[in-house]
Protein chains: 4
Amino acid sequence: MPQNRFNTIGLIIRQQCAKHRSDIDMICQTLAAHGDLRVHCLDQSEGLPGYPACSLDQIGEQADLAVSIGGDGTLLSAARQLVDYQIPLVGINLGRLGFLADVTMQGLKQHIDAIFNGDYSVEQRFLLQGEIHLQNQPSQRYIALNDIILHSHQSISMIEFEVFSDQQLINKQRADGLIVATPTGSTAYALSGGGPIMHPSMDSIALVPICPHTLSNRPIVLPAHQQIEIRISHPDQAGLVSFDGRSQAVIEQGDRITIERYRQQITLLHPADYDYFHILRAKLKWSNQP
Amino acid sequence: MPQNRFNTIGLIIRQQCAKHRSDIDMICQTLAAHGDLRVHCLDQSEGLPGYPACSLDQIGEQADLAVSIGGDGTLLSAARQLVDYQIPLVGINLGRLGFLADVTMQGLKQHIDAIFNGDYSVEQRFLLQGEIHLQNQPSQRYIALNDIILHSHQSISMIEFEVFSDQQLINKQRADGLIVATPTGSTAYALSGGGPIMHPSMDSIALVPICPHTLSNRPIVLPAHQQIEIRISHPDQAGLVSFDGRSQAVIEQGDRITIERYRQQITLLHPADYDYFHILRAKLKWSNQP
Amino acid sequence: MPQNRFNTIGLIIRQQCAKHRSDIDMICQTLAAHGDLRVHCLDQSEGLPGYPACSLDQIGEQADLAVSIGGDGTLLSAARQLVDYQIPLVGINLGRLGFLADVTMQGLKQHIDAIFNGDYSVEQRFLLQGEIHLQNQPSQRYIALNDIILHSHQSISMIEFEVFSDQQLINKQRADGLIVATPTGSTAYALSGGGPIMHPSMDSIALVPICPHTLSNRPIVLPAHQQIEIRISHPDQAGLVSFDGRSQAVIEQGDRITIERYRQQITLLHPADYDYFHILRAKLKWSNQP
Amino acid sequence: MPQNRFNTIGLIIRQQCAKHRSDIDMICQTLAAHGDLRVHCLDQSEGLPGYPACSLDQIGEQADLAVSIGGDGTLLSAARQLVDYQIPLVGINLGRLGFLADVTMQGLKQHIDAIFNGDYSVEQRFLLQGEIHLQNQPSQRYIALNDIILHSHQSISMIEFEVFSDQQLINKQRADGLIVATPTGSTAYALSGGGPIMHPSMDSIALVPICPHTLSNRPIVLPAHQQIEIRISHPDQAGLVSFDGRSQAVIEQGDRITIERYRQQITLLHPADYDYFHILRAKLKWSNQP
């Protein structure tokens, strides 16, 4: 069991609404008993009354441990911004169990205390970096923990595009779009699109076509070290590229997206009895069959 | 075999480009040998040199037979505009076989002559009428031969909506959208979305969820006489409604779409040896297995 | 509301085990208060102590109403055997809600009393009749309420077969098998095979290929009045044909199965507030999303 | 480019039928020009007239290179029997292109000569080893290059089973069966069952449920080093276990199958311009869209 000293704790909060205020206070008190607490509210400028407000970058620079309160989306957001600081992340879910935010309010104190006693399970999750190469413009880079998605820019219409793996053509498709998902993202949107579940320890990505015109066009799992490239192949079409659901760029014929494994991974801390398959069973309702 | 007199023929053309000009001339000559020919070009204002140009409405009023040259999209467009005039429609495909435009250039003259000799197969296809009820506005109506689709207005994001059948709740979904397809549309976009193929003689519609969040949310086939209603159920989301791929309205919470079988059907004339399953086998490449 | 007199009630029981005995007694007493009760136990020769035992045929001949206690399987079995007698059928489920057996122990007396007061909803469900034509043998006929399935006779191997609709070739397939499902069966095995849900009021059947080799080979919905024919097309392969899950015949090249709508329908009585979509939501867990 | 000396060549032939005899002679002559040729016919006892007949084990012991003539099935069979001898394998396809047997008769001499000149591409493919633990019996081991499949022993019926990964429960399922596929097998039966395509360089396996009762039960991709265990969980059911399509054992409640990566890999030699995605496009007909 690793020896730990989390002296400064950064807390990232999505919703500070009244109905959860007592839960949040309880979490803050539990955490403050273990170290110096800094708070960042994603949704608003002011912090949490009674605690020093700070930016996510300040948390990255100063904290030894980041705690995200909210759902998987809050943790995704925190992970992307903290990944370069290499501090571990814990996700607390105020509502139901999340795929990523797996500490729930039941037994909260016990879980938190255990973590500060070094009793936890450590997991690395890799992110994707996408680089958007627009013609005659400097390229832009964004990262994603779940997925990078190309989608038709018009919400109802197919686009035609080519996909390459390490410069080699995979195929030319007509579809609503394409999901490039990490194992973390394989239980998110990619699953709705028909993609497989990939175990989080896999160093792989899945290419999942969205409503492909060719019915034999199926999800493909590739090693994460292969570089993916996507090009729009029709002169009259445009694609929208999103990272973890946030749209970032419109691409047209002549533009390119390249996607590869990001150089840094995020470290998640889980309760010591963490069981990925248990979460799958609960979230996908495998356990209680009608 | 019904006795026919197609004295005036309306021709609807999508592409009048140079490379097809000789084919189009050949079709025009073949048709003109059988009756009075009127030409409407969908893409441009002027008609076809040498033939009287006219509007689609004029074709509807004056012609006994409408002939569409192009792909399935051209025929879809012609069908929607001619359905109220109750004139039969033939689709000629300049390229490969279409699902709807099933007369190809091979054996064109023979097929055309056969039709004017009364040697053809008649098929009725029903359309859907969607009525969009925006709050505090008069409702708008549109028709579709393939499908009416609700899609998230933002190209990458789920929407939450409720679906009703004759006022009865079917379900509340989170998905990219919902396809309401006729049998004609069941081999178009709905098929890419995972919907079943429905035989054109079926009086049924398919509700096909697009990338549904709940994995047990599956395509449902309903009698076409049931009225479908869709409502956006999330206050911050908007949906785009399209008819045969043409976007027509943005709806928000409080707005509604109602969908029902249109009162008129379109009549398609096929070659006498028309075989729906043959077209399926050819289009879906069932015949030549690797 | 129809006027009813159910003077003689036939009860069909699957499980008479000790743990359900008090429930069964309660049901019997509730029913016996309304008419003359006859009991048939599917699993064993003796009847239920205290009630006259009788065969299913006797129930068909003597009863005005048949009540099935058990799950959907018990009702399926009763329906097949009673369909020619044209008596209505009610399904009571001792456990969780069934698709067909939709009266549960909660509010049992109220539901039963309502039915005898004429306060119920009536629904017709059609069955399929399959005729197996083995070479040089008289053909055999069986009926099914859910589905008729052709499956490779060896549990792990594809078979090659041709499917026809009214003598017209649909396709030649290589697959583990083919499910021919009624709307009633569309929520059973066919759903696991990727078939669509068909509303029970549909007069349609679904052909659902099981693990088809050709990926574009998709479920097809046809009018129920079309006759389906299946032939094994490989000389070294054999197929097993089952009706509602009961295997009945092995077929080889040269043999044929023809399937058509059975001449009689079964009448189901539901509680007056019966809502098919409610049952779908409950059984497919659409309502409570994680 | 590796330096090679293939002095003794073992040839494995599936079909020696008359229509291919001239092709086979041509292949033999081409190979015999490069080394000492030994021939094994899978289907019959005698060898090929004019060449010394030998067993597959003799090929394993004596040959430096094994060449399989036939389809993917012939190569699968050769691979399983030669894997422990660690000799490389080339697949020649007399008919259409195979996923594995990727040397076709066009340009045969050129391809063969290139291989003996050291001009080829080398690829490792891993196999699975399954160990069947029947109660009170010594366990049996078999290997597979494509897949190990558990299927209901009765061809038409679900079975209930539990699946574990490194002793950890993944889930309890009711389904027709479960496919455990290698990347090599991911384009075979697993693809028909809805599994993803996995790149051959992946060190992963896919668990693909066959017609699962729970619709959210989806294919799972796991690292190949995880040990999979399957147990029948219903007392009245039996499962059949097959390896690359050959049934090997019937298991019941109390029995277990454990599956892991086999200790040896098979080495495939491909033409130097080998392109996995090209084969995918050709076999799955991605290239020529209708």
# chains A, B, ... in the order shown; residues from 1 in each chain; ligands from 1

call {"tool": "select_by_dssp", "arguments": {"residues": "range 16-171 of chain A", "states": "strand (DSSP E or B)", "output": "ChimeraX atom specification"}}
result
/A:36-41,53,65-69,89-93,103-104,120-133,140-144,147-152,159-165,168-171

call {"tool": "residues_around", "arguments": {"residues": "Arg14 in chain D", "least_positions_apart": "4", "cutoff": "12 Å", "atoms": "only C-alpha atoms", "output": "CSV table (one decimal) with all heavy atoms, in the first residue's frame"}}
result
chain,number,residue,atom,x,y,z
D,20,HIS,N,-8.8,-28.1,-59.1
D,20,HIS,CA,-7.7,-27.3,-58.7
D,20,HIS,C,-6.3,-27.9,-59.0
D,20,HIS,O,-5.3,-27.4,-58.6
D,20,HIS,CB,-7.8,-27.0,-57.2
D,20,HIS,CG,-9.0,-26.1,-56.9
D,20,HIS,ND1,-9.9,-26.4,-55.9
D,20,HIS,CD2,-9.4,-24.9,-57.4
D,20,HIS,CE1,-10.8,-25.4,-55.9
D,20,HIS,NE2,-10.5,-24.5,-56.8
D,21,ARG,N,-6.4,-29.1,-59.5
D,21,ARG,CA,-5.1,-29.9,-59.6
D,21,ARG,C,-4.0,-29.1,-60.4
D,21,ARG,O,-2.9,-29.1,-60.0
D,21,ARG,CB,-5.4,-31.2,-60.3
D,21,ARG,CG,-4.2,-32.2,-60.4
D,21,ARG,CD,-3.7,-32.5,-59.0
D,21,ARG,NE,-2.2,-32.7,-59.0
D,21,ARG,CZ,-1.6,-33.8,-58.7
D,21,ARG,NH1,-2.3,-34.9,-58.3
D,21,ARG,NH2,-0.3,-33.9,-58.7
D,24,ILE,N,-2.6,-26.5,-58.1
D,24,ILE,CA,-1.8,-27.1,-57.0
D,24,ILE,C,-0.4,-27.6,-57.6
D,24,ILE,O,0.6,-27.4,-57.0
D,24,ILE,CB,-2.5,-28.3,-56.4
D,24,ILE,CG1,-3.7,-27.8,-55.6
D,24,ILE,CG2,-1.6,-29.2,-55.5
D,24,ILE,CD1,-4.6,-28.8,-55.0
D,39,VAL,N,4.5,-32.9,-48.4
D,39,VAL,CA,3.1,-32.6,-48.6
D,39,VAL,C,2.2,-33.4,-47.6
D,39,VAL,O,2.4,-34.6,-47.4
D,39,VAL,CB,2.7,-32.9,-50.0
D,39,VAL,CG1,1.2,-32.6,-50.2
D,39,VAL,CG2,3.5,-32.1,-51.0
D,40,HIS,N,1.3,-32.6,-47.0
D,40,HIS,CA,0.3,-33.3,-46.1
D,40,HIS,C,-1.1,-32.9,-46.6
D,40,HIS,O,-1.4,-31.7,-46.8
D,40,HIS,CB,0.5,-32.8,-44.7
D,40,HIS,CG,-0.6,-33.4,-43.8
D,40,HIS,ND1,-0.5,-34.7,-43.3
D,40,HIS,CD2,-1.7,-32.8,-43.3
D,40,HIS,CE1,-1.6,-34.9,-42.6
D,40,HIS,NE2,-2.3,-33.8,-42.5
D,41,CYS,N,-1.9,-33.9,-46.9
D,41,CYS,CA,-3.3,-33.6,-47.3
D,41,CYS,C,-4.2,-33.8,-46.1
D,41,CYS,O,-4.3,-34.9,-45.5
D,41,CYS,CB,-3.7,-34.6,-48.4
D,41,CYS,SG,-2.9,-34.3,-49.9
D,42,LEU,N,-4.9,-32.7,-45.7
D,42,LEU,CA,-5.7,-32.8,-44.5
D,42,LEU,C,-6.9,-33.8,-44.7
D,42,LEU,O,-7.3,-34.4,-43.7
D,42,LEU,CB,-6.3,-31.4,-44.3
D,42,LEU,CG,-5.4,-30.3,-43.7
D,42,LEU,CD1,-6.1,-29.0,-43.6
D,42,LEU,CD2,-4.9,-30.8,-42.3
D,43,ASP,N,-7.4,-33.9,-45.9
D,43,ASP,CA,-8.6,-34.7,-46.0
D,43,ASP,C,-8.5,-36.1,-46.3
D,43,ASP,O,-9.4,-36.9,-46.3
D,43,ASP,CB,-9.4,-34.1,-47.2
D,43,ASP,CG,-9.8,-32.6,-47.0
D,43,ASP,OD1,-10.0,-32.3,-45.8
D,43,ASP,OD2,-9.8,-31.8,-47.9
D,44,GLN,N,-7.3,-36.6,-46.6
D,44,GLN,CA,-7.1,-38.0,-47.0
D,44,GLN,C,-5.8,-38.5,-46.6
D,44,GLN,O,-4.8,-37.8,-46.4
D,44,GLN,CB,-7.4,-38.1,-48.5
D,44,GLN,CG,-6.5,-37.2,-49.4
D,44,GLN,CD,-7.1,-37.2,-50.8
D,44,GLN,OE1,-8.0,-36.4,-51.0
D,44,GLN,NE2,-6.5,-38.0,-51.6
D,45,SER,N,-5.7,-39.8,-46.6
D,45,SER,CA,-4.5,-40.5,-46.1
D,45,SER,C,-3.3,-40.4,-47.1
D,45,SER,O,-2.2,-40.0,-46.7
D,45,SER,CB,-4.7,-41.9,-45.8
D,45,SER,OG,-5.4,-42.5,-46.9
D,47,GLY,N,-0.8,-39.0,-50.0
D,47,GLY,CA,-0.3,-37.6,-50.2
D,47,GLY,C,-0.6,-37.2,-51.7
D,47,GLY,O,-1.6,-37.6,-52.3
D,48,LEU,N,0.2,-36.3,-52.2
D,48,LEU,CA,0.0,-35.8,-53.5
D,48,LEU,C,1.0,-36.6,-54.4
D,48,LEU,O,2.2,-36.7,-54.1
D,48,LEU,CB,0.4,-34.3,-53.5
D,48,LEU,CG,0.0,-33.5,-54.7
D,48,LEU,CD1,-1.6,-33.4,-54.8
D,48,LEU,CD2,0.6,-32.1,-54.6
D,67,VAL,N,3.4,-24.0,-45.8
D,67,VAL,CA,2.5,-23.3,-46.8
D,67,VAL,C,1.2,-24.0,-46.8
D,67,VAL,O,1.1,-25.2,-46.9
D,67,VAL,CB,3.1,-23.3,-48.2
D,67,VAL,CG1,2.1,-22.7,-49.2
D,67,VAL,CG2,4.4,-22.6,-48.2
D,68,SER,N,0.1,-23.2,-46.5
D,68,SER,CA,-1.2,-23.8,-46.5
D,68,SER,C,-2.0,-23.5,-47.8
D,68,SER,O,-2.0,-22.3,-48.2
D,68,SER,CB,-2.0,-23.3,-45.2
D,68,SER,OG,-3.3,-23.0,-45.5
D,69,ILE,N,-2.6,-24.5,-48.4
D,69,ILE,CA,-3.4,-24.2,-49.6
D,69,ILE,C,-4.8,-24.5,-49.3
D,69,ILE,O,-5.2,-25.6,-48.9
D,69,ILE,CB,-2.9,-25.0,-50.8
D,69,ILE,CG1,-1.5,-24.8,-51.1
D,69,ILE,CG2,-3.8,-24.7,-52.1
D,69,ILE,CD1,-1.0,-25.6,-52.3
D,70,GLY,N,-5.7,-23.5,-49.5
D,70,GLY,CA,-7.1,-23.7,-49.1
D,70,GLY,C,-7.6,-22.3,-48.7
D,70,GLY,O,-7.1,-21.3,-49.1
D,71,GLY,N,-8.6,-22.4,-47.8
D,71,GLY,CA,-9.1,-21.1,-47.3
D,71,GLY,C,-8.6,-20.8,-45.9
D,71,GLY,O,-7.6,-21.4,-45.5
D,72,ASP,N,-9.3,-19.9,-45.2
D,72,ASP,CA,-8.8,-19.6,-43.9
D,72,ASP,C,-8.9,-20.8,-42.9
D,72,ASP,O,-8.1,-20.9,-42.0
D,72,ASP,CB,-9.7,-18.4,-43.3
D,72,ASP,CG,-9.4,-17.1,-44.0
D,72,ASP,OD1,-8.3,-17.0,-44.6
D,72,ASP,OD2,-10.2,-16.2,-43.8
D,73,GLY,N,-9.9,-21.7,-43.2
D,73,GLY,CA,-10.1,-22.8,-42.3
D,73,GLY,C,-8.9,-23.8,-42.4
D,73,GLY,O,-8.4,-24.3,-41.4
D,74,THR,N,-8.3,-23.9,-43.6
D,74,THR,CA,-7.1,-24.8,-43.7
D,74,THR,C,-6.0,-24.2,-43.0
D,74,THR,O,-5.2,-24.9,-42.2
D,74,THR,CB,-6.8,-24.9,-45.2
D,74,THR,OG1,-7.9,-25.3,-45.9
D,74,THR,CG2,-5.7,-25.9,-45.4
D,75,LEU,N,-5.8,-22.9,-43.1
D,75,LEU,CA,-4.7,-22.2,-42.4
D,75,LEU,C,-4.9,-22.3,-40.8
D,75,LEU,O,-4.0,-22.5,-40.1
D,75,LEU,CB,-4.6,-20.8,-42.8
D,75,LEU,CG,-3.3,-20.1,-42.4
D,75,LEU,CD1,-2.7,-19.2,-43.5
D,75,LEU,CD2,-3.5,-19.3,-41.1
D,76,LEU,N,-6.2,-22.1,-40.4
D,76,LEU,CA,-6.4,-22.2,-38.9
D,76,LEU,C,-6.0,-23.6,-38.4
D,76,LEU,O,-5.4,-23.7,-37.4
D,76,LEU,CB,-8.0,-22.1,-38.7
D,76,LEU,CG,-8.6,-20.7,-38.7
D,76,LEU,CD1,-10.1,-20.9,-38.5
D,76,LEU,CD2,-8.0,-19.9,-37.6
D,77,SER,N,-6.4,-24.6,-39.2
D,77,SER,CA,-6.1,-26.0,-38.8
D,77,SER,C,-4.5,-26.2,-38.7
D,77,SER,O,-4.0,-26.7,-37.8
D,77,SER,CB,-6.7,-26.9,-39.8
D,77,SER,OG,-6.6,-28.2,-39.4
D,78,ALA,N,-3.9,-25.7,-39.8
D,78,ALA,CA,-2.4,-25.8,-39.8
D,78,ALA,C,-1.8,-25.1,-38.7
D,78,ALA,O,-0.8,-25.5,-38.0
D,78,ALA,CB,-1.9,-25.4,-41.2
D,91,GLY,N,-0.3,-18.5,-46.3
D,91,GLY,CA,-1.6,-19.1,-46.7
D,91,GLY,C,-1.8,-18.7,-48.2
D,91,GLY,O,-1.8,-17.5,-48.5
D,92,ILE,N,-2.0,-19.7,-49.0
D,92,ILE,CA,-2.4,-19.5,-50.4
D,92,ILE,C,-3.9,-19.8,-50.6
D,92,ILE,O,-4.3,-20.9,-50.2
D,92,ILE,CB,-1.5,-20.4,-51.4
D,92,ILE,CG1,0.0,-20.0,-51.2
D,92,ILE,CG2,-2.0,-20.2,-52.8
D,92,ILE,CD1,0.9,-20.9,-52.0
D,93,ASN,N,-4.6,-18.9,-51.2
D,93,ASN,CA,-6.0,-19.1,-51.4
D,93,ASN,C,-6.3,-19.4,-52.8
D,93,ASN,O,-6.0,-18.7,-53.7
D,93,ASN,CB,-6.7,-17.8,-51.0
D,93,ASN,CG,-8.0,-18.1,-50.4
D,93,ASN,OD1,-8.7,-19.0,-50.9
D,93,ASN,ND2,-8.4,-17.4,-49.3
D,94,LEU,N,-6.9,-20.6,-53.1
D,94,LEU,CA,-7.2,-21.0,-54.4
D,94,LEU,C,-8.4,-20.2,-55.0
D,94,LEU,O,-8.5,-20.0,-56.2
D,94,LEU,CB,-7.5,-22.5,-54.5
D,94,LEU,CG,-6.3,-23.4,-54.3
D,94,LEU,CD1,-6.7,-24.8,-54.4
D,94,LEU,CD2,-5.2,-23.1,-55.3

call {"tool": "closest_atom_pairs", "arguments": {"of": "chain B", "to": "chain C", "cutoff": "7 Å", "atoms": "only C-alpha atoms", "output": "JSON lines"}}
result
{"residue": "B:Ile170", "atom": "CA", "partner": "C:Phe277", "partner_atom": "CA", "distance": 5.3}
{"residue": "B:Asn171", "atom": "CA", "partner": "C:Arg281", "partner_atom": "CA", "distance": 6.9}
{"residue": "B:Pro196", "atom": "CA", "partner": "C:Pro219", "partner_atom": "CA", "distance": 5.1}
{"residue": "B:Ile197", "atom": "CA", "partner": "C:Ile220", "partner_atom": "CA", "distance": 4.6}
{"residue": "B:Met198", "atom": "CA", "partner": "C:Val221", "partner_atom": "CA", "distance": 4.7}
{"residue": "B:His199", "atom": "CA", "partner": "C:Leu222", "partner_atom": "CA", "distance": 5.4}
{"residue": "B:Met202", "atom": "CA", "partner": "C:Pro223", "partner_atom": "CA", "distance": 6.0}
{"residue": "B:Thr214", "atom": "CA", "partner": "C:Trp286", "partner_atom": "CA", "distance": 6.9}
{"residue": "B:Ser216", "atom": "CA", "partner": "C:Leu284", "partner_atom": "CA", "distance": 6.0}
{"residue": "B:Asn217", "atom": "CA", "partner": "C:Trp286", "partner_atom": "CA", "distance": 7.0}
{"residue": "B:Arg218", "atom": "CA", "partner": "C:Pro196", "partner_atom": "CA", "distance": 6.6}
{"residue": "B:Pro219", "atom": "CA", "partner": "C:Pro196", "partner_atom": "CA", "distance": 5.1}
{"residue": "B:Ile220", "atom": "CA", "partner": "C:Ile197", "partner_atom": "CA", "distance": 4.6}
{"residue": "B:Val221", "atom": "CA", "partner": "C:Met198", "partner_atom": "CA", "distance": 4.7}
{"residue": "B:Leu222", "atom": "CA", "partner": "C:His199", "partner_atom": "CA", "distance": 5.4}
{"residue": "B:Pro223", "atom": "CA", "partner": "C:Met202", "partner_atom": "CA", "distance": 6.0}
{"residue": "B:Phe277", "atom": "CA", "partner": "C:Ile170", "partner_atom": "CA", "distance": 5.3}
{"residue": "B:Arg281", "atom": "CA", "partner": "C:Asn171", "partner_atom": "CA", "distance": 6.9}
{"residue": "B:Leu284", "atom": "CA", "partner": "C:Ser216", "partner_atom": "CA", "distance": 6.0}
{"residue": "B:Trp286", "atom": "CA", "partner": "C:Thr214", "partner_atom": "CA", "distance": 6.9}

call {"tool": "select_by_dssp", "arguments": {"residues": "range 71-216 of chain B", "states": "alpha helix (DSSP H)", "output": "PyMOL selection string"}}
result
chain B and resi 72-82+108-116+189-192

call {"tool": "residues_around", "arguments": {"residues": "Asn146 in chain D", "least_positions_apart": "5", "cutoff": "10 Å", "atoms": "only C-alpha atoms", "output": "ChimeraX atom specification"}}
result
/D:73,76,125-128,179-190,243-245

call {"tool": "write_last_selection", "arguments": {"atoms": "C-alpha atoms", "output": "mmCIF file, in the first residue's frame"}}
result
data_model
loop_
_atom_site.group_PDB
_atom_site.id
_atom_site.type_symbol
_atom_site.label_atom_id
_atom_site.label_comp_id
_atom_site.auth_asym_id
_atom_site.auth_seq_id
_atom_site.Cartn_x
_atom_site.Cartn_y
_atom_site.Cartn_z
ATOM 1 C CA GLY D 73 -10.078 -22.839 -42.331
ATOM 2 C CA LEU D 76 -6.448 -22.211 -38.945
ATOM 3 C CA ARG D 125 -0.883 -13.862 -34.043
ATOM 4 C CA PHE D 126 -1.692 -15.200 -30.611
ATOM 5 C CA LEU D 127 -3.903 -18.181 -29.854
ATOM 6 C CA LEU D 128 -6.157 -18.961 -26.928
ATOM 7 C CA ILE D 179 -17.825 -16.015 -28.010
ATOM 8 C CA VAL D 180 -14.309 -15.436 -26.710
ATOM 9 C CA ALA D 181 -12.433 -14.169 -29.739
ATOM 10 C CA THR D 182 -8.863 -13.225 -30.548
ATOM 11 C CA PRO D 183 -8.155 -10.305 -32.891
ATOM 12 C CA THR D 184 -7.787 -12.951 -35.608
ATOM 13 C CA GLY D 185 -11.250 -14.293 -34.782
ATOM 14 C CA SER D 186 -12.782 -10.838 -34.500
ATOM 15 C CA THR D 187 -13.561 -10.819 -38.225
ATOM 16 C CA ALA D 188 -15.027 -14.324 -38.135
ATOM 17 C CA TYR D 189 -18.029 -15.515 -36.134
ATOM 18 C CA ALA D 190 -17.654 -12.811 -33.481
ATOM 19 C CA PHE D 243 -12.544 -24.319 -30.445
ATOM 20 C CA ASP D 244 -12.349 -22.729 -33.888
ATOM 21 C CA GLY D 245 -15.712 -24.314 -34.605
#

call {"tool": "residues_around", "arguments": {"residues": "Tyr85 in chain C", "least_positions_apart": "3", "cutoff": "9 Å", "atoms": "only C-alpha atoms", "output": "PyMOL selection string"}}
result
chain C and resi 57+60-61+81-82

call {"tool": "residues_around", "arguments": {"residues": "Gln154 in chain C", "least_positions_apart": "3", "cutoff": "10 Å", "atoms": "only C-alpha atoms", "output": "number ranges by chain"}}
result
C: 151, 157-159, 176, 237-240; D: 153-156, 247

call {"tool": "write_last_selection", "arguments": {"atoms": "C-alpha atoms", "output": "PDB file, in the first residue's frame"}}
result
ATOM      1  CA  HIS C 151     -31.606 -23.085 -36.169  1.00  0.00           C
ATOM      2  CA  SER C 157     -22.345 -23.951 -36.953  1.00  0.00           C
ATOM      3  CA  MET C 158     -23.861 -21.830 -39.645  1.00  0.00           C
ATOM      4  CA  ILE C 159     -26.470 -23.127 -42.028  1.00  0.00           C
ATOM      5  CA  ASP C 176     -26.977 -19.545 -37.208  1.00  0.00           C
ATOM      6  CA  GLN C 237     -26.362 -29.270 -43.371  1.00  0.00           C
ATOM      7  CA  ALA C 238     -29.406 -29.830 -41.228  1.00  0.00           C
ATOM      8  CA  GLY C 239     -31.697 -27.395 -39.496  1.00  0.00           C
ATOM      9  CA  LEU C 240     -33.824 -27.795 -36.418  1.00  0.00           C
TER      10      LEU C 240
ATOM     11  CA  HIS D 153     -26.008 -27.644 -26.021  1.00  0.00           C
ATOM     12  CA  GLN D 154     -29.527 -27.725 -27.346  1.00  0.00           C
ATOM     13  CA  SER D 155     -29.508 -25.704 -30.472  1.00  0.00           C
ATOM     14  CA  ILE D 156     -32.564 -23.648 -29.575  1.00  0.00           C
ATOM     15  CA  SER D 247     -17.022 -28.992 -30.598  1.00  0.00           C
TER      16      SER D 247
END

call {"tool": "residues_around", "arguments": {"residues": "Gln140 in chain D", "least_positions_apart": "3", "cutoff": "9 Å", "atoms": "only C-alpha atoms", "output": "PyMOL selection string"}}
result
chain D and resi 130-134+137

call {"tool": "write_last_selection", "arguments": {"atoms": "all heavy atoms", "output": "mmCIF file, in the first residue's frame"}}
result
data_model
loop_
_atom_site.group_PDB
_atom_site.id
_atom_site.type_symbol
_atom_site.label_atom_id
_atom_site.label_comp_id
_atom_site.auth_asym_id
_atom_site.auth_seq_id
_atom_site.Cartn_x
_atom_site.Cartn_y
_atom_site.Cartn_z
ATOM 1 N N GLY D 130 -7.914 -23.053 -24.025
ATOM 2 C CA GLY D 130 -9.039 -23.260 -23.122
ATOM 3 C C GLY D 130 -8.843 -24.550 -22.375
ATOM 4 O O GLY D 130 -8.442 -25.557 -22.967
ATOM 5 N N GLU D 131 -9.112 -24.504 -21.092
ATOM 6 C CA GLU D 131 -8.988 -25.729 -20.300
ATOM 7 C C GLU D 131 -10.379 -26.037 -19.747
ATOM 8 O O GLU D 131 -11.023 -25.188 -19.131
ATOM 9 C CB GLU D 131 -7.979 -25.512 -19.170
ATOM 10 C CG GLU D 131 -7.659 -26.792 -18.434
ATOM 11 C CD GLU D 131 -6.377 -26.687 -17.607
ATOM 12 O OE1 GLU D 131 -5.723 -25.607 -17.661
ATOM 13 O OE2 GLU D 131 -6.038 -27.645 -16.910
ATOM 14 N N ILE D 132 -10.822 -27.234 -20.005
ATOM 15 C CA ILE D 132 -12.156 -27.633 -19.575
ATOM 16 C C ILE D 132 -12.037 -28.492 -18.334
ATOM 17 O O ILE D 132 -11.376 -29.530 -18.348
ATOM 18 C CB ILE D 132 -12.870 -28.387 -20.714
ATOM 19 C CG1 ILE D 132 -13.034 -27.411 -21.882
ATOM 20 C CG2 ILE D 132 -14.215 -28.918 -20.260
ATOM 21 C CD1 ILE D 132 -13.544 -28.021 -23.135
ATOM 22 N N HIS D 133 -12.648 -27.993 -17.269
ATOM 23 C CA HIS D 133 -12.568 -28.684 -15.983
ATOM 24 C C HIS D 133 -13.903 -29.349 -15.703
ATOM 25 O O HIS D 133 -14.830 -28.698 -15.205
ATOM 26 C CB HIS D 133 -12.258 -27.689 -14.860
ATOM 27 C CG HIS D 133 -11.079 -26.798 -15.141
ATOM 28 N ND1 HIS D 133 -9.804 -27.080 -14.703
ATOM 29 C CD2 HIS D 133 -10.979 -25.638 -15.845
ATOM 30 C CE1 HIS D 133 -8.973 -26.125 -15.116
ATOM 31 N NE2 HIS D 133 -9.664 -25.237 -15.805
ATOM 32 N N LEU D 134 -14.041 -30.593 -16.051
ATOM 33 C CA LEU D 134 -15.261 -31.322 -15.715
ATOM 34 C C LEU D 134 -15.083 -31.891 -14.312
ATOM 35 O O LEU D 134 -13.970 -32.245 -13.914
ATOM 36 C CB LEU D 134 -15.503 -32.452 -16.718
ATOM 37 C CG LEU D 134 -15.632 -32.024 -18.189
ATOM 38 C CD1 LEU D 134 -15.911 -33.228 -19.078
ATOM 39 C CD2 LEU D 134 -16.740 -30.988 -18.347
ATOM 40 N N GLN D 137 -12.967 -35.249 -13.200
ATOM 41 C CA GLN D 137 -12.240 -35.749 -14.351
ATOM 42 C C GLN D 137 -10.994 -34.907 -14.556
ATOM 43 O O GLN D 137 -10.967 -33.740 -14.188
ATOM 44 C CB GLN D 137 -13.092 -35.644 -15.623
ATOM 45 C CG GLN D 137 -14.269 -36.590 -15.645
ATOM 46 C CD GLN D 137 -14.973 -36.538 -16.986
ATOM 47 O OE1 GLN D 137 -14.347 -36.330 -18.008
ATOM 48 N NE2 GLN D 137 -16.271 -36.720 -16.963
#
